[in-house]
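Below: the structure, in structure tokens.
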Amino acid sequence: MTLSRTARWTAGWLLAAAWALSFPLLSSLGPHRLWGWCAAAGYLGAAGATALGHRRAALAAALLGAVAVPLLWLVLTGQGQSEVTVVERSGRLLLESGRLYVDQPARVEEYTPYLPGMALLGVPRALLGGGDGWAARLLGDARIWCAAALFGGLWAGRRLLGAARSPLLPVLVASPVVALPLAVSGVDLPLAGLCCLALAAAGAGRPVLAGAALAGACALKWTALPAVAVAVTLLAACRGRRAAVRCGLVATGGTVLLVLPGALLQPGELWRQVFAFPTGRAEVPTPASSPLPGHLLAELGPWGWYLTVSLLMVGGLAVAVSLLVRPPRTVVAAADRLAIGLTTAFLLAPAGRFGYLALPVLLVAWARSTAPRHGASRIVARSGAPGRHPAPTL
């Protein structure tokens, strides 16, 4: 590395260490504090190794301190954010009764603000009997399966695009953007992995696979819906209307297939817990209350809530118009457009957390790590009439 590049990387690791240290100093949550101490040590080690010119050692130190040590410790000791328990409870309820939601929840911990697909990530713990042994915790913890969904989606997407090895992806995993949620919660990571896979499949001309990945994402959280519009537009621009329609039909049908049984069993609870609770309209206030613009407006009263919802709809309409006027033709452009839409939604939502912004960052960084191998071509980089491209495949 040149001196200037070494200095930039060293400064980056030091900045990450300072960010990690803010958690044990400011947070009251035990898992966050533990992650902060471990991650800060890893990032400081990475900064030192980088200053000495050892890039691989720096990355290893960051991954060890920010990901491996805190994740394994928290999993094996049964610590984590309440979302982990919520997902595992959904998996247990699914196996025991076919239902997913606690009836008439009275406390925040009893709400399940996820669509039925998320319960599948809690099934392994239920199958292992919910035991407290180290094997049951390691193999059943929802965070492990959330991580598997993330890395599986990222790896499969890069394979579809013929991507070369890139140092950007492991650095992204070691960064606080992925490392923190991976260690303490993990529930947003499967959504990110499936969105990346869907965009890659669309870029590679695989409309059925793209639709299946979108269905999986939409069955986890309704915030995945913008990904459907972006992937369909990408396919329409580069593969033609027929491929786009196939993708849309698979995405719609798959989502209905995964969500409808739970919706029919508990329609009232699904509405209350999945839609009303995250938007601040349930009987119990949501803990997602970072001081983002939408939340600050919603706090002003009923008119503020309606105003922020109106702004959210206007933002969504603007992104939709941009897709029609200037459709994305590459995976990078599609990821950027989806990131813009999600960032707008997270900023203007009546309730939200700063942590939600990790998803747009991950999308943008992942897309830029998908440069094709030497000699490979990225199909979606071509332009021209849809009919001039190879016929879409499954």
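Identifiers in this document derive from the order of the structure tokens: chains are assigned A, B, ..., residues are numbered from 1 separately in each chain, and ligands are numbered from 1 in order of occurrence.
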Report task. Determine, counting only C-alpha atoms, which protein, DNA and RNA residues have an atom within 10 Å of an atom of segment 62-72 of chain A; residues of the same chain fewer than 3 positions away are not included. Present the result as number ranges by chain. Result -> A: 13, 16-17, 20, 31-32, 34-47, 56-59, 75-80, 137-138, 143-144, 170-176, 178-185
Requested in this report: Fewer than 2 positions away in the same chain doesn't count, so skip those; otherwise give me all residues within 8 Å of Leu121 of chain A, counting only C-alpha atoms, as a PyMOL selection string.
Outcome: chain A and resi 87-88+91+117-119+123-124+142+145-146
Can those selected residues be exported to a file as an mmCIF file, in the first residue's frame so that it contains N, CA and C atoms?
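The resulting file, result-v6.cif, is shown below:
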```cif
data_model
loop_
_atom_site.group_PDB
_atom_site.id
_atom_site.type_symbol
_atom_site.label_atom_id
_atom_site.label_comp_id
_atom_site.auth_asym_id
_atom_site.auth_seq_id
_atom_site.Cartn_x
_atom_site.Cartn_y
_atom_site.Cartn_z
ATOM 1 N N VAL A 87 -37.981 -13.951 17.405
ATOM 2 C CA VAL A 87 -37.925 -14.839 16.240
ATOM 3 C C VAL A 87 -37.995 -16.299 16.675
ATOM 4 N N GLU A 88 -37.247 -16.647 17.717
ATOM 5 C CA GLU A 88 -37.258 -18.034 18.195
ATOM 6 C C GLU A 88 -38.618 -18.410 18.777
ATOM 7 N N GLY A 91 -40.860 -19.299 15.866
ATOM 8 C CA GLY A 91 -40.594 -20.643 15.368
ATOM 9 C C GLY A 91 -41.221 -21.707 16.245
ATOM 10 N N GLY A 117 -42.537 -15.397 7.258
ATOM 11 C CA GLY A 117 -41.290 -16.019 6.833
ATOM 12 C C GLY A 117 -40.198 -15.960 7.880
ATOM 13 N N MET A 118 -40.209 -14.936 8.722
ATOM 14 C CA MET A 118 -39.164 -14.791 9.735
ATOM 15 C C MET A 118 -39.209 -15.930 10.750
ATOM 16 N N ALA A 119 -40.388 -16.515 10.952
ATOM 17 C CA ALA A 119 -40.511 -17.603 11.927
ATOM 18 C C ALA A 119 -39.666 -18.807 11.534
ATOM 19 N N VAL A 123 -37.209 -21.759 13.774
ATOM 20 C CA VAL A 123 -37.565 -23.176 13.861
ATOM 21 C C VAL A 123 -36.406 -24.053 14.354
ATOM 22 N N PRO A 124 -35.150 -23.821 13.904
ATOM 23 C CA PRO A 124 -34.068 -24.696 14.391
ATOM 24 C C PRO A 124 -33.979 -24.759 15.910
ATOM 25 N N ALA A 142 -31.103 -17.941 16.463
ATOM 26 C CA ALA A 142 -31.607 -17.323 15.236
ATOM 27 C C ALA A 142 -30.553 -16.490 14.539
ATOM 28 N N TRP A 145 -28.615 -18.434 11.914
ATOM 29 C CA TRP A 145 -29.348 -18.664 10.673
ATOM 30 C C TRP A 145 -29.571 -17.376 9.904
ATOM 31 N N CYS A 146 -29.686 -16.270 10.614
ATOM 32 C CA CYS A 146 -29.733 -14.969 9.932
ATOM 33 C C CYS A 146 -28.428 -14.707 9.195
#
```
Enumerate, in order of chain and increasing residue number, the residues of segment 189-289 of chain A with an atom no farther than 10 Å from segment 105-112 of chain A, each with its shortest atom pair and distance in Å to one decimal, counting only C-alpha atoms, as a Markdown table.
```
| residue | atom | partner | partner_atom | distance |
| --- | --- | --- | --- | --- |
| A:Glu269 | CA | A:Pro105 | CA | 8.9 |
| A:Leu270 | CA | A:Thr112 | CA | 8.6 |
| A:Arg272 | CA | A:Tyr111 | CA | 8.8 |
| A:Gln273 | CA | A:Thr112 | CA | 5.8 |
| A:Val274 | CA | A:Thr112 | CA | 6.8 |
| A:Phe277 | CA | A:Tyr111 | CA | 7.9 |
| A:Pro278 | CA | A:Thr112 | CA | 9.8 |
| A:Glu283 | CA | A:Ala106 | CA | 8.2 |
| A:Val284 | CA | A:Val108 | CA | 6.5 |
| A:Pro285 | CA | A:Val108 | CA | 7.6 |
| A:Thr286 | CA | A:Val108 | CA | 7.1 |
| A:Pro287 | CA | A:Val108 | CA | 7.8 |
```
Contacts between segment 317-322 of chain A and segment 200-242 of chain A, please, where a residue of segment 200-242 of chain A counts if it comes within 10 Å (with only C-alpha atoms); show its shortest atom pair and distance in Å to one decimal, rows by chain and ascending number, as a tab-separated table.
```
residue	atom	partner	partner_atom	distance
A:Pro226	CA	A:Ala320	CA	8.9
A:Ala229	CA	A:Ala320	CA	7.8
A:Val230	CA	A:Ala320	CA	8.7
A:Thr233	CA	A:Ala320	CA	9.8
```
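For the choices A:Gly216, A:Gly280, A:Pro350, A:Gly268, the atom-to-atom distance to Leu297 of chain A is smallest for A:Pro350 when using only C-alpha atoms.
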When DSSP is applied to the backbone of this structure, which of segment 42-108 of chain A are assigned helix (DSSP H, G or I)? Write them out as a CSV table (one decimal) with all heavy atoms, in the first residue's frame.
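File out_11.csv, as written:
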```csv
chain,number,residue,atom,x,y,z
A,42,GLY,N,-10.6,-5.1,18.4
A,42,GLY,CA,-10.3,-5.6,17.1
A,42,GLY,C,-9.9,-4.5,16.1
A,42,GLY,O,-9.0,-4.7,15.3
A,43,TYR,N,-10.6,-3.4,16.1
A,43,TYR,CA,-10.3,-2.3,15.2
A,43,TYR,C,-9.0,-1.7,15.5
A,43,TYR,O,-8.3,-1.2,14.6
A,43,TYR,CB,-11.5,-1.3,15.3
A,43,TYR,CG,-12.8,-1.8,14.7
A,43,TYR,CD1,-14.0,-1.4,15.3
A,43,TYR,CD2,-12.9,-2.7,13.6
A,43,TYR,CE1,-15.2,-1.9,14.8
A,43,TYR,CE2,-14.1,-3.1,13.2
A,43,TYR,CZ,-15.2,-2.7,13.8
A,43,TYR,OH,-16.4,-3.2,13.3
A,44,LEU,N,-8.7,-1.5,16.8
A,44,LEU,CA,-7.4,-1.0,17.2
A,44,LEU,C,-6.3,-1.9,16.7
A,44,LEU,O,-5.2,-1.4,16.2
A,44,LEU,CB,-7.3,-0.8,18.7
A,44,LEU,CG,-8.2,0.4,19.2
A,44,LEU,CD1,-8.1,0.4,20.7
A,44,LEU,CD2,-7.7,1.7,18.7
A,45,GLY,N,-6.5,-3.2,16.8
A,45,GLY,CA,-5.5,-4.1,16.3
A,45,GLY,C,-5.4,-4.0,14.8
A,45,GLY,O,-4.3,-4.1,14.2
A,46,ALA,N,-6.5,-3.8,14.1
A,46,ALA,CA,-6.5,-3.7,12.7
A,46,ALA,C,-5.7,-2.4,12.3
A,46,ALA,O,-5.0,-2.4,11.3
A,46,ALA,CB,-7.9,-3.6,12.1
A,47,ALA,N,-5.9,-1.3,13.0
A,47,ALA,CA,-5.2,-0.1,12.7
A,47,ALA,C,-3.7,-0.2,12.9
A,47,ALA,O,-2.9,0.3,12.1
A,47,ALA,CB,-5.7,1.0,13.7
A,48,GLY,N,-3.3,-0.9,14.0
A,48,GLY,CA,-1.9,-1.1,14.2
A,48,GLY,C,-1.3,-2.0,13.1
A,48,GLY,O,-0.2,-1.7,12.6
A,49,ALA,N,-2.0,-3.1,12.7
A,49,ALA,CA,-1.5,-3.9,11.6
A,49,ALA,C,-1.4,-3.2,10.3
A,49,ALA,O,-0.5,-3.4,9.5
A,49,ALA,CB,-2.4,-5.2,11.5
A,50,THR,N,-2.4,-2.4,10.0
A,50,THR,CA,-2.4,-1.6,8.8
A,50,THR,C,-1.2,-0.6,8.7
A,50,THR,O,-0.6,-0.5,7.7
A,50,THR,CB,-3.7,-0.8,8.6
A,50,THR,OG1,-4.8,-1.8,8.6
A,50,THR,CG2,-3.7,0.0,7.3
A,51,ALA,N,-1.0,0.0,9.8
A,51,ALA,CA,0.1,1.0,9.9
A,51,ALA,C,1.5,0.3,9.6
A,51,ALA,O,2.4,0.9,9.1
A,51,ALA,CB,0.2,1.7,11.3
A,55,ARG,N,-2.0,-5.9,5.7
A,55,ARG,CA,-3.4,-5.8,5.4
A,55,ARG,C,-4.2,-7.0,5.8
A,55,ARG,O,-5.3,-6.9,6.4
A,55,ARG,CB,-3.6,-5.5,3.9
A,55,ARG,CG,-3.1,-4.1,3.5
A,55,ARG,CD,-3.3,-3.9,2.0
A,55,ARG,NE,-4.7,-3.9,1.7
A,55,ARG,CZ,-5.2,-3.9,0.5
A,55,ARG,NH1,-4.4,-4.0,-0.6
A,55,ARG,NH2,-6.5,-3.9,0.2
A,56,ARG,N,-3.7,-8.2,5.5
A,56,ARG,CA,-4.5,-9.4,5.9
A,56,ARG,C,-4.6,-9.6,7.4
A,56,ARG,O,-5.6,-10.0,7.9
A,56,ARG,CB,-3.8,-10.6,5.3
A,56,ARG,CG,-3.9,-10.7,3.7
A,56,ARG,CD,-3.3,-12.0,3.2
A,56,ARG,NE,-3.5,-12.1,1.7
A,56,ARG,CZ,-3.1,-13.1,1.0
A,56,ARG,NH1,-2.5,-14.1,1.6
A,56,ARG,NH2,-3.2,-13.1,-0.3
A,57,ALA,N,-3.5,-9.3,8.1
A,57,ALA,CA,-3.6,-9.4,9.6
A,57,ALA,C,-4.6,-8.3,10.1
A,57,ALA,O,-5.3,-8.6,11.1
A,57,ALA,CB,-2.2,-9.1,10.1
A,58,ALA,N,-4.6,-7.2,9.5
A,58,ALA,CA,-5.6,-6.1,9.9
A,58,ALA,C,-7.0,-6.6,9.8
A,58,ALA,O,-7.8,-6.5,10.7
A,58,ALA,CB,-5.3,-4.9,9.1
A,59,LEU,N,-7.3,-7.2,8.6
A,59,LEU,CA,-8.7,-7.7,8.4
A,59,LEU,C,-9.0,-8.8,9.3
A,59,LEU,O,-10.1,-8.9,9.9
A,59,LEU,CB,-8.8,-8.1,6.9
A,59,LEU,CG,-10.2,-8.6,6.5
A,59,LEU,CD1,-11.2,-7.6,6.7
A,59,LEU,CD2,-10.1,-9.1,5.0
A,60,ALA,N,-8.0,-9.7,9.6
A,60,ALA,CA,-8.3,-10.8,10.5
A,60,ALA,C,-8.6,-10.3,11.9
A,60,ALA,O,-9.5,-10.8,12.6
A,60,ALA,CB,-7.1,-11.7,10.5
A,61,ALA,N,-7.8,-9.3,12.3
A,61,ALA,CA,-8.0,-8.7,13.7
A,61,ALA,C,-9.4,-8.1,13.8
A,61,ALA,O,-10.1,-8.3,14.8
A,61,ALA,CB,-7.0,-7.7,14.0
A,62,ALA,N,-9.8,-7.4,12.7
A,62,ALA,CA,-11.2,-6.7,12.7
A,62,ALA,C,-12.3,-7.8,12.8
A,62,ALA,O,-13.2,-7.7,13.5
A,62,ALA,CB,-11.3,-5.8,11.5
A,63,LEU,N,-12.1,-8.8,11.9
A,63,LEU,CA,-13.2,-9.9,11.9
A,63,LEU,C,-13.2,-10.6,13.2
A,63,LEU,O,-14.3,-11.0,13.7
A,63,LEU,CB,-12.9,-10.8,10.8
A,63,LEU,CG,-13.2,-10.3,9.3
A,63,LEU,CD1,-12.6,-11.3,8.3
A,63,LEU,CD2,-14.6,-10.1,9.1
A,64,LEU,N,-12.1,-10.9,13.8
A,64,LEU,CA,-12.0,-11.6,15.1
A,64,LEU,C,-12.7,-10.8,16.2
A,64,LEU,O,-13.5,-11.3,17.0
A,64,LEU,CB,-10.6,-11.9,15.4
A,64,LEU,CG,-10.4,-12.8,16.7
A,64,LEU,CD1,-11.0,-14.2,16.5
A,64,LEU,CD2,-8.9,-12.9,17.0
A,65,GLY,N,-12.3,-9.5,16.3
A,65,GLY,CA,-12.8,-8.7,17.4
A,65,GLY,C,-14.2,-8.2,17.2
A,65,GLY,O,-14.9,-8.1,18.2
A,66,ALA,N,-14.6,-7.9,16.0
A,66,ALA,CA,-15.9,-7.3,15.8
A,66,ALA,C,-17.0,-8.3,15.5
A,66,ALA,O,-18.2,-8.0,15.6
A,66,ALA,CB,-15.9,-6.3,14.7
A,67,VAL,N,-16.6,-9.5,15.0
A,67,VAL,CA,-17.6,-10.5,14.6
A,67,VAL,C,-17.5,-11.8,15.4
A,67,VAL,O,-18.4,-12.1,16.1
A,67,VAL,CB,-17.5,-10.8,13.1
A,67,VAL,CG1,-18.5,-11.8,12.7
A,67,VAL,CG2,-17.7,-9.5,12.3
A,68,ALA,N,-16.4,-12.5,15.2
A,68,ALA,CA,-16.3,-13.9,15.8
A,68,ALA,C,-16.4,-13.9,17.3
A,68,ALA,O,-17.2,-14.7,17.8
A,68,ALA,CB,-15.0,-14.5,15.3
A,69,VAL,N,-15.6,-13.1,18.0
A,69,VAL,CA,-15.6,-13.2,19.5
A,69,VAL,C,-16.9,-12.8,20.1
A,69,VAL,O,-17.5,-13.5,20.8
A,69,VAL,CB,-14.4,-12.4,20.1
A,69,VAL,CG1,-14.6,-12.3,21.6
A,69,VAL,CG2,-13.1,-13.1,19.7
A,70,PRO,N,-17.5,-11.6,19.7
A,70,PRO,CA,-18.7,-11.2,20.4
A,70,PRO,C,-19.9,-12.1,19.9
A,70,PRO,O,-20.8,-12.4,20.8
A,70,PRO,CB,-18.9,-9.7,19.9
A,70,PRO,CG,-18.1,-9.6,18.7
A,70,PRO,CD,-16.9,-10.5,18.9
A,71,LEU,N,-19.9,-12.5,18.7
A,71,LEU,CA,-21.1,-13.3,18.2
A,71,LEU,C,-21.1,-14.6,19.0
A,71,LEU,O,-22.1,-15.1,19.5
A,71,LEU,CB,-21.0,-13.5,16.7
A,71,LEU,CG,-22.0,-14.5,16.1
A,71,LEU,CD1,-23.4,-14.0,16.4
A,71,LEU,CD2,-21.8,-14.7,14.6
A,72,LEU,N,-19.9,-15.3,19.0
A,72,LEU,CA,-19.9,-16.6,19.7
A,72,LEU,C,-20.2,-16.5,21.2
A,72,LEU,O,-20.9,-17.3,21.8
A,72,LEU,CB,-18.5,-17.3,19.5
A,72,LEU,CG,-18.3,-17.8,18.1
A,72,LEU,CD1,-16.9,-18.3,17.9
A,72,LEU,CD2,-19.3,-18.9,17.7
A,73,TRP,N,-19.6,-15.4,21.8
A,73,TRP,CA,-19.8,-15.2,23.2
A,73,TRP,C,-21.3,-15.0,23.5
A,73,TRP,O,-21.9,-15.6,24.5
A,73,TRP,CB,-19.0,-14.1,23.8
A,73,TRP,CG,-19.2,-13.8,25.2
A,73,TRP,CD1,-20.0,-12.9,25.8
A,73,TRP,CD2,-18.5,-14.5,26.3
A,73,TRP,NE1,-19.9,-13.0,27.2
A,73,TRP,CE2,-19.0,-14.0,27.5
A,73,TRP,CE3,-17.6,-15.6,26.4
A,73,TRP,CZ2,-18.6,-14.4,28.8
A,73,TRP,CZ3,-17.2,-16.0,27.6
A,73,TRP,CH2,-17.7,-15.4,28.8
A,74,LEU,N,-21.9,-14.1,22.8
A,74,LEU,CA,-23.3,-13.8,23.0
A,74,LEU,C,-24.2,-14.9,22.7
A,74,LEU,O,-25.2,-15.2,23.5
A,74,LEU,CB,-23.7,-12.6,22.2
A,74,LEU,CG,-23.1,-11.2,22.6
A,74,LEU,CD1,-23.4,-10.1,21.6
A,74,LEU,CD2,-23.6,-10.8,24.0
A,75,VAL,N,-23.9,-15.7,21.7
A,75,VAL,CA,-24.7,-16.9,21.4
A,75,VAL,C,-24.6,-17.9,22.4
A,75,VAL,O,-25.6,-18.5,22.9
A,75,VAL,CB,-24.3,-17.4,20.0
A,75,VAL,CG1,-24.9,-18.8,19.8
A,75,VAL,CG2,-24.8,-16.5,18.9
A,76,LEU,N,-23.4,-18.2,22.9
A,76,LEU,CA,-23.2,-19.3,23.8
A,76,LEU,C,-23.7,-18.9,25.2
A,76,LEU,O,-24.0,-19.8,26.0
A,76,LEU,CB,-21.7,-19.7,23.9
A,76,LEU,CG,-21.2,-20.4,22.6
A,76,LEU,CD1,-19.7,-20.6,22.7
A,76,LEU,CD2,-21.9,-21.7,22.3
A,82,SER,N,-33.8,-8.3,22.1
A,82,SER,CA,-35.1,-9.0,22.3
A,82,SER,C,-35.6,-9.6,20.9
A,82,SER,O,-36.3,-10.6,20.9
A,82,SER,CB,-36.2,-8.1,22.8
A,82,SER,OG,-36.4,-7.0,22.0
A,83,GLU,N,-35.1,-9.1,19.8
A,83,GLU,CA,-35.5,-9.6,18.5
A,83,GLU,C,-35.2,-11.1,18.4
A,83,GLU,O,-35.9,-11.9,17.7
A,83,GLU,CB,-34.9,-8.8,17.4
A,83,GLU,CG,-35.4,-7.4,17.2
A,83,GLU,CD,-34.6,-6.4,18.0
A,83,GLU,OE1,-34.0,-6.8,19.0
A,83,GLU,OE2,-34.5,-5.3,17.6
A,84,VAL,N,-34.0,-11.5,18.9
A,84,VAL,CA,-33.6,-12.9,18.8
A,84,VAL,C,-34.7,-13.8,19.5
A,84,VAL,O,-35.1,-14.8,18.9
A,84,VAL,CB,-32.3,-13.1,19.5
A,84,VAL,CG1,-31.8,-14.6,19.3
A,84,VAL,CG2,-31.2,-12.2,18.8
A,85,THR,N,-35.1,-13.4,20.7
A,85,THR,CA,-36.1,-14.2,21.4
A,85,THR,C,-37.4,-14.2,20.7
A,85,THR,O,-38.1,-15.2,20.6
A,85,THR,CB,-36.3,-13.6,22.8
A,85,THR,OG1,-35.0,-13.6,23.5
A,85,THR,CG2,-37.3,-14.5,23.6
A,86,VAL,N,-37.8,-13.1,20.1
A,86,VAL,CA,-39.0,-13.0,19.4
A,86,VAL,C,-39.1,-13.9,18.2
A,86,VAL,O,-40.1,-14.6,17.9
A,86,VAL,CB,-39.2,-11.5,18.9
A,86,VAL,CG1,-40.4,-11.4,17.9
A,86,VAL,CG2,-39.5,-10.6,20.1
A,87,VAL,N,-38.0,-14.0,17.4
A,87,VAL,CA,-37.9,-14.8,16.2
A,87,VAL,C,-38.0,-16.3,16.7
A,87,VAL,O,-38.7,-17.1,16.1
A,87,VAL,CB,-36.6,-14.6,15.4
A,87,VAL,CG1,-36.5,-15.6,14.3
A,87,VAL,CG2,-36.7,-13.2,14.8
A,88,GLU,N,-37.2,-16.6,17.7
A,88,GLU,CA,-37.3,-18.0,18.2
A,88,GLU,C,-38.6,-18.4,18.8
A,88,GLU,O,-39.1,-19.6,18.6
A,88,GLU,CB,-36.1,-18.2,19.2
A,88,GLU,CG,-34.8,-18.1,18.6
A,88,GLU,CD,-33.6,-18.2,19.6
A,88,GLU,OE1,-33.9,-18.3,20.8
A,88,GLU,OE2,-32.5,-18.2,19.2
A,89,ARG,N,-39.3,-17.5,19.4
A,89,ARG,CA,-40.7,-17.7,19.9
A,89,ARG,C,-41.6,-18.0,18.7
A,89,ARG,O,-42.5,-18.9,18.8
A,89,ARG,CB,-41.2,-16.6,20.7
A,89,ARG,CG,-42.6,-16.8,21.3
A,89,ARG,CD,-43.0,-15.5,22.0
A,89,ARG,NE,-43.2,-14.4,21.1
A,89,ARG,CZ,-43.0,-13.1,21.4
A,89,ARG,NH1,-42.7,-12.8,22.6
A,89,ARG,NH2,-43.2,-12.2,20.5
A,90,SER,N,-41.5,-17.2,17.7
A,90,SER,CA,-42.3,-17.5,16.5
A,90,SER,C,-42.1,-18.9,15.9
A,90,SER,O,-43.1,-19.5,15.5
A,90,SER,CB,-42.0,-16.4,15.4
A,90,SER,OG,-42.4,-15.1,15.9
A,91,GLY,N,-40.9,-19.3,15.9
A,91,GLY,CA,-40.6,-20.6,15.4
A,91,GLY,C,-41.2,-21.7,16.2
A,91,GLY,O,-41.8,-22.7,15.7
A,92,ARG,N,-41.2,-21.5,17.6
A,92,ARG,CA,-41.8,-22.5,18.5
A,92,ARG,C,-43.3,-22.5,18.3
A,92,ARG,O,-43.9,-23.5,18.3
A,92,ARG,CB,-41.4,-22.1,19.9
A,92,ARG,CG,-41.9,-23.2,20.9
A,92,ARG,CD,-41.5,-22.8,22.3
A,92,ARG,NE,-42.4,-21.6,22.8
A,92,ARG,CZ,-41.9,-20.4,23.0
A,92,ARG,NH1,-40.7,-20.1,22.7
A,92,ARG,NH2,-42.8,-19.4,23.4
A,93,LEU,N,-43.9,-21.3,18.2
A,93,LEU,CA,-45.4,-21.2,18.1
A,93,LEU,C,-45.8,-21.9,16.8
A,93,LEU,O,-46.8,-22.5,16.7
A,93,LEU,CB,-45.8,-19.8,18.1
A,93,LEU,CG,-45.8,-19.1,19.5
A,93,LEU,CD1,-46.1,-17.6,19.3
A,93,LEU,CD2,-46.7,-19.8,20.5
A,94,LEU,N,-45.0,-21.7,15.7
A,94,LEU,CA,-45.3,-22.3,14.4
A,94,LEU,C,-45.4,-23.8,14.5
A,94,LEU,O,-46.3,-24.4,14.0
A,94,LEU,CB,-44.3,-21.8,13.4
A,94,LEU,CG,-44.4,-22.4,12.0
A,94,LEU,CD1,-45.8,-22.0,11.4
A,94,LEU,CD2,-43.3,-21.9,11.1
A,95,LEU,N,-44.4,-24.4,15.2
A,95,LEU,CA,-44.4,-25.8,15.3
A,95,LEU,C,-45.5,-26.4,16.2
A,95,LEU,O,-46.0,-27.4,15.9
A,95,LEU,CB,-43.0,-26.3,15.8
A,95,LEU,CG,-41.8,-26.1,14.8
A,95,LEU,CD1,-40.6,-26.7,15.4
A,95,LEU,CD2,-42.1,-26.8,13.5
A,96,GLU,N,-45.7,-25.6,17.2
A,96,GLU,CA,-46.7,-26.1,18.2
A,96,GLU,C,-48.1,-25.9,17.8
A,96,GLU,O,-49.0,-26.8,18.1
A,96,GLU,CB,-46.5,-25.4,19.6
A,96,GLU,CG,-45.1,-25.7,20.2
A,96,GLU,CD,-44.9,-24.9,21.5
A,96,GLU,OE1,-45.7,-24.0,21.8
A,96,GLU,OE2,-43.9,-25.2,22.2
A,97,SER,N,-48.5,-24.8,17.1
A,97,SER,CA,-49.9,-24.5,16.9
A,97,SER,C,-50.1,-24.0,15.5
A,97,SER,O,-51.3,-23.9,15.1
A,97,SER,CB,-50.4,-23.5,17.9
A,97,SER,OG,-49.7,-22.2,17.7
A,108,VAL,N,-44.0,-4.8,25.0
A,108,VAL,CA,-43.2,-4.8,23.8
A,108,VAL,C,-42.7,-6.1,23.4
A,108,VAL,O,-42.6,-6.5,22.2
A,108,VAL,CB,-42.1,-3.7,24.0
A,108,VAL,CG1,-41.1,-3.8,22.8
A,108,VAL,CG2,-42.6,-2.3,24.1
```
Query raised in the report: Could you pull the residues within 12 Å of Leu307 of chain A, counting only C-alpha atoms, minus those fewer than 5 positions along the same chain, as a PyMOL selection string?
Result: chain A and resi 293-302+312-314+348-350
Report task. Would you kindly return, as a ChimeraX atom specification, each protein, DNA or RNA residue with an atom no farther than 9 Å from any atom of segment 244-251 of chain A, considering only C-alpha atoms and excluding same-chain residues fewer than 2 positions away? Result -> /A:202,206-216,218,228-229,231-237,239-242,253-256
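Between Leu160 of chain A and the residues A:Gly186, A:Gly12, A:Gly203, A:Gly315, the shortest atom-to-atom distance, using only C-alpha atoms, involves A:Gly203.
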Query raised in the report: Restricting the calculation to only C-alpha atoms, which member of A:Leu347, A:Leu220, A:Ala7, A:Ala367 is positioned closest to Ala335 of chain A?
Result: A:Ala367
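The coordinates place atom CA of Leu362 of chain A at 22.4 Å from atom CA of Arg5 of chain A.
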Query raised in the report: Rounded to one decimal in Å, what is the spacing between atom CA of Gly205 of chain A and atom CA of Thr343 of chain A?
Result: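 Going from atom CA of Gly205 of chain A over to atom CA of Thr343 of chain A, I get 26.7 Å.
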